[in-house]
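As stored in run_15.csv (CSV, N, CA and C atoms):
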chain,number,residue,atom,x,y,z
A,1,MET,N,0.8,-1.2,0.0
A,1,MET,CA,0.0,0.0,0.0
A,1,MET,C,0.9,1.2,0.0
A,2,ASP,N,2.2,1.1,-0.3
A,2,ASP,CA,3.1,2.1,-0.2
A,2,ASP,C,2.6,3.5,-0.3
A,3,ASP,N,2.8,4.3,0.5
A,3,ASP,CA,2.2,5.5,1.1
A,3,ASP,C,1.0,6.0,0.5
A,4,LEU,N,-0.1,5.3,0.7
A,4,LEU,CA,-1.4,5.9,0.4
A,4,LEU,C,-2.0,6.2,1.8
A,5,HIS,N,-1.2,6.5,2.8
A,5,HIS,CA,-1.6,6.9,4.1
A,5,HIS,C,-2.5,5.9,4.8
A,6,ALA,N,-2.2,4.6,4.6
A,6,ALA,CA,-2.9,3.5,5.2
A,6,ALA,C,-4.4,3.5,4.8
A,7,VAL,N,-4.8,4.0,3.7
A,7,VAL,CA,-6.2,4.0,3.2
A,7,VAL,C,-6.3,3.3,1.9
A,8,ARG,N,-7.2,2.4,1.9
A,8,ARG,CA,-7.5,1.6,0.6
A,8,ARG,C,-8.6,2.2,-0.1
A,9,VAL,N,-8.4,2.6,-1.4
A,9,VAL,CA,-9.4,3.2,-2.2
A,9,VAL,C,-9.9,2.2,-3.2
A,10,VAL,N,-11.1,1.7,-3.1
A,10,VAL,CA,-11.7,0.8,-4.1
A,10,VAL,C,-12.8,1.5,-4.8
A,11,GLY,N,-13.1,1.0,-6.0
A,11,GLY,CA,-14.2,1.7,-6.7
A,11,GLY,C,-13.6,2.5,-7.9
A,12,PRO,N,-14.4,3.3,-8.5
A,12,PRO,CA,-14.0,4.1,-9.6
A,12,PRO,C,-12.9,5.1,-9.4
A,13,LEU,N,-12.7,5.5,-8.2
A,13,LEU,CA,-11.6,6.5,-7.9
A,13,LEU,C,-10.3,5.7,-7.6
A,14,GLY,N,-10.3,4.4,-7.4
A,14,GLY,CA,-9.1,3.7,-7.1
A,14,GLY,C,-7.9,3.9,-8.0
A,15,PRO,N,-8.1,4.0,-9.3
A,15,PRO,CA,-6.9,4.2,-10.2
A,15,PRO,C,-6.3,5.6,-10.0
A,16,TYR,N,-7.0,6.5,-9.3
A,16,TYR,CA,-6.5,7.9,-9.2
A,16,TYR,C,-5.9,8.1,-7.8
A,17,ALA,N,-6.0,7.1,-6.9
A,17,ALA,CA,-5.6,7.3,-5.5
A,17,ALA,C,-4.1,7.6,-5.3
A,18,ARG,N,-3.3,6.9,-6.0
A,18,ARG,CA,-1.8,7.2,-5.9
A,18,ARG,C,-1.5,8.6,-6.3
A,19,GLY,N,-2.0,9.1,-7.4
A,19,GLY,CA,-1.8,10.4,-7.9
A,19,GLY,C,-2.3,11.5,-6.9
A,20,PHE,N,-3.5,11.2,-6.3
A,20,PHE,CA,-4.0,12.1,-5.3
A,20,PHE,C,-3.1,12.2,-4.1
A,21,ALA,N,-2.6,11.0,-3.6
A,21,ALA,CA,-1.7,11.0,-2.5
A,21,ALA,C,-0.4,11.8,-2.8
A,22,VAL,N,0.1,11.6,-4.0
A,22,VAL,CA,1.3,12.3,-4.4
A,22,VAL,C,1.1,13.8,-4.4
A,23,GLU,N,-0.1,14.2,-4.9
A,23,GLU,CA,-0.4,15.6,-5.0
A,23,GLU,C,-0.6,16.2,-3.6
A,24,LEU,N,-1.2,15.5,-2.7
A,24,LEU,CA,-1.3,16.0,-1.3
A,24,LEU,C,0.0,16.2,-0.7
A,25,ALA,N,0.9,15.3,-0.9
A,25,ALA,CA,2.3,15.4,-0.3
A,25,ALA,C,3.0,16.6,-1.0
A,26,ARG,N,2.9,16.8,-2.3
A,26,ARG,CA,3.5,17.9,-3.0
A,26,ARG,C,3.0,19.2,-2.5
A,27,LEU,N,1.7,19.3,-2.1
A,27,LEU,CA,1.1,20.5,-1.6
A,27,LEU,C,1.5,20.8,-0.2
A,28,GLY,N,2.1,19.8,0.5
A,28,GLY,CA,2.6,20.0,1.9
A,28,GLY,C,1.6,19.7,3.0
A,29,PHE,N,0.5,18.9,2.6
A,29,PHE,CA,-0.4,18.4,3.7
A,29,PHE,C,0.3,17.6,4.7
A,30,THR,N,0.0,17.7,6.0
A,30,THR,CA,0.5,16.8,7.0
A,30,THR,C,0.0,15.4,6.8
A,31,ARG,N,0.7,14.5,7.3
A,31,ARG,CA,0.3,13.0,7.2
A,31,ARG,C,-1.1,12.8,7.6
A,32,LEU,N,-1.5,13.4,8.8
A,32,LEU,CA,-2.9,13.2,9.3
A,32,LEU,C,-3.9,13.9,8.4
A,33,SER,N,-3.7,15.1,7.9
A,33,SER,CA,-4.6,15.8,7.0
A,33,SER,C,-4.7,15.0,5.7
A,34,ALA,N,-3.6,14.5,5.1
A,34,ALA,CA,-3.6,13.7,3.9
A,34,ALA,C,-4.4,12.4,4.1
A,35,GLN,N,-4.2,11.8,5.3
A,35,GLN,CA,-4.9,10.6,5.6
A,35,GLN,C,-6.4,10.8,5.6
A,36,LYS,N,-6.9,11.9,6.2
A,36,LYS,CA,-8.3,12.2,6.2
A,36,LYS,C,-8.8,12.5,4.8
A,37,LYS,N,-8.1,13.2,4.0
A,37,LYS,CA,-8.5,13.5,2.6
A,37,LYS,C,-8.6,12.2,1.8
A,38,MET,N,-7.6,11.3,2.0
A,38,MET,CA,-7.7,10.0,1.4
A,38,MET,C,-8.9,9.2,1.8
A,39,GLY,N,-9.2,9.3,3.1
A,39,GLY,CA,-10.3,8.6,3.6
A,39,GLY,C,-11.6,9.1,3.0
A,40,LEU,N,-11.7,10.4,2.8
A,40,LEU,CA,-12.9,11.0,2.1
A,40,LEU,C,-13.0,10.5,0.7
A,41,ALA,N,-11.9,10.4,0.0
A,41,ALA,CA,-11.8,9.9,-1.4
A,41,ALA,C,-12.3,8.5,-1.4
A,42,ALA,N,-11.8,7.7,-0.4
A,42,ALA,CA,-12.2,6.3,-0.4
A,42,ALA,C,-13.7,6.1,-0.2
A,43,HIS,N,-14.2,6.9,0.8
A,43,HIS,CA,-15.7,6.9,1.0
A,43,HIS,C,-16.5,7.3,-0.2
A,44,LEU,N,-16.1,8.3,-0.9
A,44,LEU,CA,-16.8,8.8,-2.1
A,44,LEU,C,-16.7,7.7,-3.2
A,45,SER,N,-15.5,7.0,-3.3
A,45,SER,CA,-15.4,6.0,-4.3
A,45,SER,C,-16.3,4.8,-4.0
A,46,ARG,N,-16.4,4.4,-2.8
A,46,ARG,CA,-17.3,3.3,-2.4
A,46,ARG,C,-18.7,3.7,-2.7
A,47,TRP,N,-19.1,4.9,-2.4
A,47,TRP,CA,-20.5,5.4,-2.6
A,47,TRP,C,-20.8,5.4,-4.1
A,48,LEU,N,-19.8,5.9,-4.9
A,48,LEU,CA,-20.0,5.9,-6.4
A,48,LEU,C,-20.2,4.4,-6.9
A,49,ARG,N,-19.3,3.5,-6.4
A,49,ARG,CA,-19.4,2.1,-6.8
A,49,ARG,C,-20.8,1.5,-6.5
A,50,ASP,N,-21.2,1.8,-5.2
A,50,ASP,CA,-22.5,1.2,-4.8
A,50,ASP,C,-23.7,1.8,-5.5
A,51,ALA,N,-23.6,3.0,-6.0
A,51,ALA,CA,-24.6,3.7,-6.7
A,51,ALA,C,-24.6,3.3,-8.2
A,52,GLY,N,-23.6,2.5,-8.6
A,52,GLY,CA,-23.4,2.1,-10.0
A,52,GLY,C,-22.9,3.2,-10.9
A,53,LEU,N,-22.2,4.2,-10.3
A,53,LEU,CA,-21.6,5.3,-11.0
A,53,LEU,C,-20.1,5.1,-11.3
A,54,GLY,N,-19.7,5.6,-12.4
A,54,GLY,CA,-18.3,5.6,-12.7
A,54,GLY,C,-17.8,7.0,-13.0
A,55,VAL,N,-16.5,7.1,-13.3
A,55,VAL,CA,-15.9,8.5,-13.6
A,55,VAL,C,-15.1,8.4,-14.8
A,56,ILE,N,-15.1,9.5,-15.5
A,56,ILE,CA,-14.2,9.7,-16.7
A,56,ILE,C,-13.4,11.0,-16.4
A,57,VAL,N,-12.1,10.9,-16.6
A,57,VAL,CA,-11.3,12.0,-16.3
A,57,VAL,C,-10.6,12.5,-17.6
A,58,TYR,N,-10.7,13.8,-17.8
A,58,TYR,CA,-10.0,14.4,-18.9
A,58,TYR,C,-9.0,15.4,-18.3
A,59,SER,N,-7.8,15.2,-18.6
A,59,SER,CA,-6.7,16.0,-18.0
A,59,SER,C,-6.0,16.7,-19.1
A,60,TRP,N,-5.3,17.8,-18.7
A,60,TRP,CA,-4.5,18.6,-19.7
A,60,TRP,C,-3.4,19.2,-19.0
A,61,ASP,N,-2.4,19.5,-19.8
A,61,ASP,CA,-1.2,20.3,-19.4
A,61,ASP,C,-0.8,21.1,-20.6
A,62,ALA,N,-1.4,22.3,-20.7
A,62,ALA,CA,-1.3,23.1,-21.9
A,62,ALA,C,-0.5,24.4,-21.6
A,63,PRO,N,0.1,24.9,-22.7
A,63,PRO,CA,0.8,26.3,-22.5
A,63,PRO,C,-0.3,27.3,-22.1
A,64,LEU,N,0.1,28.2,-21.2
A,64,LEU,CA,-0.8,29.2,-20.7
A,64,LEU,C,-0.3,30.6,-21.2
A,65,VAL,N,1.0,30.8,-21.0
A,65,VAL,CA,1.6,32.1,-21.3
A,65,VAL,C,3.1,32.0,-21.4
A,66,THR,N,3.7,32.8,-22.2
A,66,THR,CA,5.2,32.9,-22.2
A,66,THR,C,5.6,34.2,-21.6
A,67,LEU,N,6.5,34.1,-20.6
A,67,LEU,CA,7.0,35.4,-20.0
A,67,LEU,C,8.2,35.8,-20.7
A,68,PRO,N,8.2,36.9,-21.4
A,68,PRO,CA,9.3,37.2,-22.3
A,68,PRO,C,10.5,38.0,-21.7
A,69,SER,N,10.3,38.5,-20.5
A,69,SER,CA,11.4,39.3,-19.9
A,69,SER,C,11.6,39.1,-18.4
A,70,PRO,N,12.7,39.5,-17.9
A,70,PRO,CA,12.9,39.3,-16.4
A,70,PRO,C,11.8,40.0,-15.6
A,71,ALA,N,11.3,41.2,-16.1
A,71,ALA,CA,10.3,41.9,-15.4
A,71,ALA,C,9.0,41.1,-15.4
A,72,SER,N,8.6,40.5,-16.5
A,72,SER,CA,7.4,39.7,-16.5
A,72,SER,C,7.6,38.4,-15.6
A,73,ILE,N,8.8,37.9,-15.6
A,73,ILE,CA,9.0,36.7,-14.7
A,73,ILE,C,8.9,37.1,-13.3
A,74,ARG,N,9.2,38.3,-12.9
A,74,ARG,CA,9.1,38.8,-11.6
A,74,ARG,C,7.6,39.1,-11.3
A,75,ASP,N,6.9,39.8,-12.2
A,75,ASP,CA,5.5,40.2,-12.0
A,75,ASP,C,4.5,39.1,-11.9
A,76,TYR,N,4.7,38.1,-12.8
A,76,TYR,CA,3.7,37.0,-12.8
A,76,TYR,C,3.5,36.3,-11.5
A,77,PRO,N,4.6,35.9,-10.8
A,77,PRO,CA,4.3,35.3,-9.5
A,77,PRO,C,3.7,36.2,-8.4
A,78,VAL,N,4.1,37.5,-8.5
A,78,VAL,CA,3.5,38.5,-7.6
A,78,VAL,C,2.0,38.5,-7.7
A,79,GLY,N,1.5,38.4,-9.0
A,79,GLY,CA,0.1,38.3,-9.3
A,79,GLY,C,-0.6,37.1,-8.7
A,80,GLN,N,0.3,36.0,-8.5
A,80,GLN,CA,-0.2,34.8,-8.0
A,80,GLN,C,0.0,34.7,-6.4
A,81,GLN,N,0.2,35.8,-5.8
A,81,GLN,CA,0.4,35.9,-4.4
A,81,GLN,C,1.7,35.4,-3.8
A,82,VAL,N,2.7,35.4,-4.7
A,82,VAL,CA,4.1,35.0,-4.2
A,82,VAL,C,4.7,36.2,-3.6
A,83,PRO,N,5.4,36.1,-2.5
A,83,PRO,CA,6.0,37.3,-1.9
A,83,PRO,C,7.0,38.0,-2.9
A,84,ASP,N,7.1,39.3,-2.8
A,84,ASP,CA,8.0,40.1,-3.7
A,84,ASP,C,9.4,39.5,-3.7
A,85,ARG,N,10.0,39.3,-2.5
A,85,ARG,CA,11.3,38.8,-2.4
A,85,ARG,C,11.6,37.5,-3.2
A,86,SER,N,10.6,36.6,-3.1
A,86,SER,CA,10.8,35.3,-3.8
A,86,SER,C,10.7,35.5,-5.3
A,87,ALA,N,9.8,36.4,-5.7
A,87,ALA,CA,9.6,36.7,-7.1
A,87,ALA,C,10.8,37.3,-7.8
A,88,VAL,N,11.4,38.3,-7.0
A,88,VAL,CA,12.6,38.9,-7.5
A,88,VAL,C,13.8,37.9,-7.7
A,89,ALA,N,13.9,37.0,-6.7
A,89,ALA,CA,14.9,36.0,-6.7
A,89,ALA,C,14.7,35.1,-7.9
A,90,ALA,N,13.5,34.7,-8.1
A,90,ALA,CA,13.1,33.8,-9.2
A,90,ALA,C,13.4,34.5,-10.6
A,91,ALA,N,13.2,35.7,-10.7
A,91,ALA,CA,13.4,36.5,-11.9
A,91,ALA,C,14.9,36.5,-12.2
A,92,ARG,N,15.7,36.6,-11.2
A,92,ARG,CA,17.2,36.6,-11.4
A,92,ARG,C,17.7,35.3,-11.8
A,93,GLU,N,17.1,34.2,-11.4
A,93,GLU,CA,17.6,32.9,-11.6
A,93,GLU,C,17.0,32.1,-12.8
A,94,THR,N,15.9,32.7,-13.4
A,94,THR,CA,15.2,32.0,-14.4
A,94,THR,C,15.5,32.5,-15.8
A,95,PRO,N,15.8,31.6,-16.7
A,95,PRO,CA,16.1,32.1,-18.1
A,95,PRO,C,14.8,32.9,-18.7
A,96,VAL,N,15.1,33.8,-19.5
A,96,VAL,CA,14.1,34.6,-20.2
A,96,VAL,C,13.3,33.8,-21.2
A,97,ALA,N,12.1,34.1,-21.5
A,97,ALA,CA,11.2,33.4,-22.4
A,97,ALA,C,10.8,32.1,-21.7
A,98,LEU,N,10.3,32.3,-20.5
A,98,LEU,CA,9.8,31.2,-19.7
A,98,LEU,C,8.4,30.8,-20.1
A,99,ARG,N,8.1,29.6,-20.4
A,99,ARG,CA,6.7,29.2,-20.8
A,99,ARG,C,6.0,28.6,-19.5
A,100,VAL,N,4.9,29.2,-19.2
A,100,VAL,CA,4.1,28.8,-18.0
A,100,VAL,C,3.0,27.9,-18.6
A,101,THR,N,2.8,26.7,-18.0
A,101,THR,CA,1.7,25.8,-18.4
A,101,THR,C,0.6,25.8,-17.4
A,102,LYS,N,-0.6,25.3,-17.8
A,102,LYS,CA,-1.7,25.2,-16.9
A,102,LYS,C,-2.1,23.7,-16.9
A,103,ARG,N,-2.2,23.2,-15.7
A,103,ARG,CA,-2.6,21.8,-15.6
A,103,ARG,C,-4.0,21.8,-15.0
A,104,GLY,N,-4.8,20.8,-15.4
A,104,GLY,CA,-6.1,20.7,-14.8
A,104,GLY,C,-6.8,19.4,-15.2
A,105,ALA,N,-8.0,19.2,-14.7
A,105,ALA,CA,-8.7,18.0,-15.0
A,105,ALA,C,-10.2,18.3,-14.9
A,106,LEU,N,-11.0,17.6,-15.7
A,106,LEU,CA,-12.4,17.7,-15.7
A,106,LEU,C,-12.8,16.2,-15.3
A,107,ILE,N,-13.6,16.1,-14.3
A,107,ILE,CA,-14.1,14.8,-13.8
A,107,ILE,C,-15.6,14.7,-14.1
A,108,VAL,N,-16.0,13.7,-14.8
A,108,VAL,CA,-17.4,13.5,-15.2
A,108,VAL,C,-17.9,12.3,-14.5
A,109,VAL,N,-18.9,12.4,-13.7
A,109,VAL,CA,-19.5,11.2,-13.0
A,109,VAL,C,-20.8,10.8,-13.7
A,110,GLY,N,-21.0,9.6,-13.9
A,110,GLY,CA,-22.3,9.1,-14.6
A,110,GLY,C,-22.4,7.6,-14.5
A,111,ARG,N,-23.6,7.1,-15.0
A,111,ARG,CA,-23.8,5.7,-15.0
A,111,ARG,C,-22.7,5.0,-15.8
A,112,ARG,N,-22.5,3.8,-15.6
A,112,ARG,CA,-21.4,3.1,-16.3
A,112,ARG,C,-21.7,3.1,-17.8
A,113,SER,N,-22.9,3.2,-18.2
A,113,SER,CA,-23.2,3.2,-19.7
A,113,SER,C,-23.1,4.6,-20.2
A,114,TYR,N,-22.7,5.6,-19.4
A,114,TYR,CA,-22.6,7.0,-19.7
A,114,TYR,C,-21.6,7.1,-20.9
A,115,SER,N,-22.0,7.8,-21.9
A,115,SER,CA,-21.1,8.0,-23.1
A,115,SER,C,-20.3,9.2,-22.9
A,116,ARG,N,-19.1,9.2,-23.4
A,116,ARG,CA,-18.1,10.3,-23.2
A,116,ARG,C,-18.6,11.5,-24.0
A,117,PRO,N,-18.7,12.7,-23.4
A,117,PRO,CA,-19.0,13.9,-24.1
A,117,PRO,C,-17.9,14.3,-25.0
A,118,HIS,N,-18.2,15.1,-26.1
A,118,HIS,CA,-17.2,15.6,-27.0
A,118,HIS,C,-16.6,16.8,-26.3
A,119,ILE,N,-15.2,16.8,-26.1
A,119,ILE,CA,-14.5,17.9,-25.6
A,119,ILE,C,-13.4,18.3,-26.6
A,120,PRO,N,-13.5,19.4,-27.2
A,120,PRO,CA,-12.5,19.7,-28.3
A,120,PRO,C,-11.1,20.0,-27.7
This structure in C-alpha cells:
Amino acid sequence: MDDLHAVRVVGPLGPYARGFAVELARLGFTRLSAQKKMGLAAHLSRWLRDAGLGVIVYSWDAPLVTLPSPASIRDYPVGQQVPDRSAVAAARETPVALRVTKRGALIVVGRRSYSRPHIP
C-alpha cells in the first residue's frame, strides 16, 4: 500500500488514489490531513461504486503564457500571491522566455453506460 496513508481506495476512484496521495504530499499536507482526505476519497469512491456510477477524467497540461522578460518573470508570481522577495529572486535565476503551463482536470460522473461527451 506504499504510502497511500494506510487508506485503501476501491471503486471508480481507485486508479487515481496514488496520484491524489502524491499531490497531497507535494502541496505540503501533513500526514494526518492527507490521511483524512484519502479517507474521504475512499468513502466517495465506495459510494459511487455502490450507486453504479463511474468516472471519466479528462486532463490537460497546456501552454498558458510565455513570460518574455525578467520583469514579466518577476511580476507574474506576484500576481499569484508569491512574496515580492521570492519573485525577484526567481526572476534573477530563471532564463528569459519562460513558458508557463496550466494543468487541470475535468471529472465527469455518470452511469457506467454513460457516453463520453465531446470535448475539443
List as number ranges by chain the protein and nucleic acid residues near Val109 (chain A), meaning an atom at most 6.5 Å away when only N, CA and C atoms are counted, but skip any in the same chain fewer than 5 places from it. A: 53-56
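Using all atoms listed in the file, the residues found no farther than 6.5 Å from region 62-66 of chain A, other than those of its own chain fewer than 2 positions away, are Trp60, Pro68, Ser69, Ala97, Leu98, Arg99, Val100, Thr101, Lys102, Arg103 and Gly104 of chain A.
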Best match for closeness to Leu48 (chain A) among A:Leu13, A:Thr30, A:Gly79, A:Asp61, counting only C-alpha atoms: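 Smallest distance to Leu48 (chain A) is found for A:Leu13.
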So, counting only C-alpha atoms, which residue among A:Ile107, A:Ala6, A:Val78, A:Val57 is closest to Leu32 (chain A)?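 The answer is A:Ala6, which sits nearest to Leu32 (chain A).
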What is the distance between atom N of Tyr58 (chain A) and CA of Leu24 (chain A), in Å to one decimal?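 Rounded to one decimal, the two atoms are 19.1 Å apart.
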Please compute the atom C of Arg26 (chain A)-CA of Ser86 (chain A) distance, one decimal, in Å.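 Rounded to one decimal, the two atoms are 17.9 Å apart.
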